[in-house]
Amino acid sequence: MCQLCEIAAPTQTSRRRFLAAAACTAASLALAPPVSAKETKSPPKPQNVLAPDAALDRLVKGNLRYVEGVSRRHDFKHEREALAGGQNPFAGILSCADSRIAPEYAFDTGRGDLFVCRVAGNFASDETIASLEYASAVLNVPLFMVLGHDSCGAVDAAIKSLKDNTTLPGHLPSLVNAIAPAVRATEGKGGDRLANAIRQNVIDNVAKLKSATPILSAAVDQGKLRVVGAVYRLTDGKVELVTDAKTAGDVKVR
């Protein structure tokens, strides 16, 4: 009999004895180790269990292979079999929906490696944040990257719409509203207007993901999640990091 059960004196009613015993049993079960190691399900891709920094390093190296034209041959058949029962991607990518941007190719990855959310203008909507919360809290993804790109049509449309004070048709104004803060923040700055806004839009959405409470912000604070921003160069396929989750400053990648 445990200490919790012994507290119930013989003079107590049978109901009190039962409640004390039940509480003892519940506590014992909660603290008990797993019955068998077989009950712990191993991840479908063990190589994807990485620390945040290692995950970023893997993305960088994969992009270098892609740029150099030496991408690996991926065994999609066996990957499908391994992933039929689950997934454990090593990175999440918030990318533009532009057809020229394909994160799985750009980082030379296989099935089950990347958790990709795509929307024109690569901005973090409530639905995107919810999807990435799932990736972090349930799939334990250690790294998120907001990936913009050169000549982004969504950002360019936002610049022109705000400049001309025009309203785009259909649901397109929702894209303009989401990208507008980056456009306004770079107004009047030197250099290429579109390039500046594209970069700022990436920076803004990195900050938005890092501060998204309660799930993502907590994961970042605990060191379980790193969030970075980058821009994809259409001419050569190179991905250049522009923000860092720890310093929020520029990062040079060689």
# chains A, B, ... in the order shown; residues from 1 in each chain; ligands from 1
>>> residues_around(residues="A:Ala51", least_positions_apart="3", cutoff="9 Å", atoms="only C-alpha atoms", output="PDB file with C-alpha atoms, in the first residue's frame")
ATOM      1  CA  ALA A  54      21.452  20.928 -38.134  1.00  0.00           C
ATOM      2  CA  ALA A  55      18.184  21.178 -40.040  1.00  0.00           C
ATOM      3  CA  LEU A  56      19.208  24.548 -41.489  1.00  0.00           C
ATOM      4  CA  PHE A  90      12.891  18.090 -40.693  1.00  0.00           C
ATOM      5  CA  PRO A 142      12.647  22.032 -35.633  1.00  0.00           C
ATOM      6  CA  LEU A 143      13.043  24.634 -38.381  1.00  0.00           C
ATOM      7  CA  LYS A 224      12.903  23.733 -30.014  1.00  0.00           C
ATOM      8  CA  LEU A 225      12.192  25.813 -33.103  1.00  0.00           C
TER       9      LEU A 225
END
>>> residues_around(residues="A:Ile179", least_positions_apart="4", cutoff="7 Å", atoms="only C-alpha atoms", output="PyMOL selection string")
chain A and resi 155+158+175+183+201
>>> closest_residue(among="A:Ile203, A:Ala82, A:Ile101, A:Val60", to="A:Val146", atoms="only C-alpha atoms")
A:Ile203
>>> select_by_dssp(residues="stretch 31-122 of chain A", states="strand (DSSP E or B)", output="list of chain:residue names")
A:Ala91, A:Gly92, A:Ile93, A:Leu94, A:Ser95, A:Leu114, A:Phe115, A:Val116, A:Cys117, A:Arg118
>>> atom_distance(atom1="atom CA of A:Glu79", atom2="atom CA of A:Tyr66")
20.1 Å
>>> closest_atom_pairs(of="stretch 100-191 of chain A", to="stretch 205-209 of chain A", cutoff="12 Å", atoms="only C-alpha atoms", output="Markdown table")
| residue | atom | partner | partner_atom | distance |
| --- | --- | --- | --- | --- |
| A:Gly121 | CA | A:Asn205 | CA | 10.3 |
| A:Asn122 | CA | A:Asn205 | CA | 8.1 |
| A:Phe123 | CA | A:Asn205 | CA | 6.0 |
| A:Ala124 | CA | A:Asn205 | CA | 6.0 |
| A:Ser125 | CA | A:Asn205 | CA | 9.5 |
| A:Asp126 | CA | A:Leu209 | CA | 10.4 |
| A:Thr128 | CA | A:Leu209 | CA | 9.6 |
| A:Ile129 | CA | A:Leu209 | CA | 7.0 |
| A:Ala130 | CA | A:Leu209 | CA | 10.4 |
| A:Ser131 | CA | A:Leu209 | CA | 11.5 |
| A:Leu132 | CA | A:Leu209 | CA | 8.8 |
| A:Glu133 | CA | A:Leu209 | CA | 9.5 |
| A:Ser136 | CA | A:Leu209 | CA | 11.4 |
| A:Leu143 | CA | A:Leu209 | CA | 11.4 |
| A:Phe144 | CA | A:Val206 | CA | 8.7 |
| A:Met145 | CA | A:Val206 | CA | 7.8 |
| A:Val146 | CA | A:Val206 | CA | 6.3 |
| A:Leu147 | CA | A:Val206 | CA | 9.6 |
| A:Gly148 | CA | A:Asn205 | CA | 10.2 |
| A:Ala178 | CA | A:Asn205 | CA | 9.9 |
| A:Ile179 | CA | A:Asn205 | CA | 9.6 |
| A:Pro181 | CA | A:Asn205 | CA | 10.4 |
| A:Ala182 | CA | A:Asn205 | CA | 9.5 |
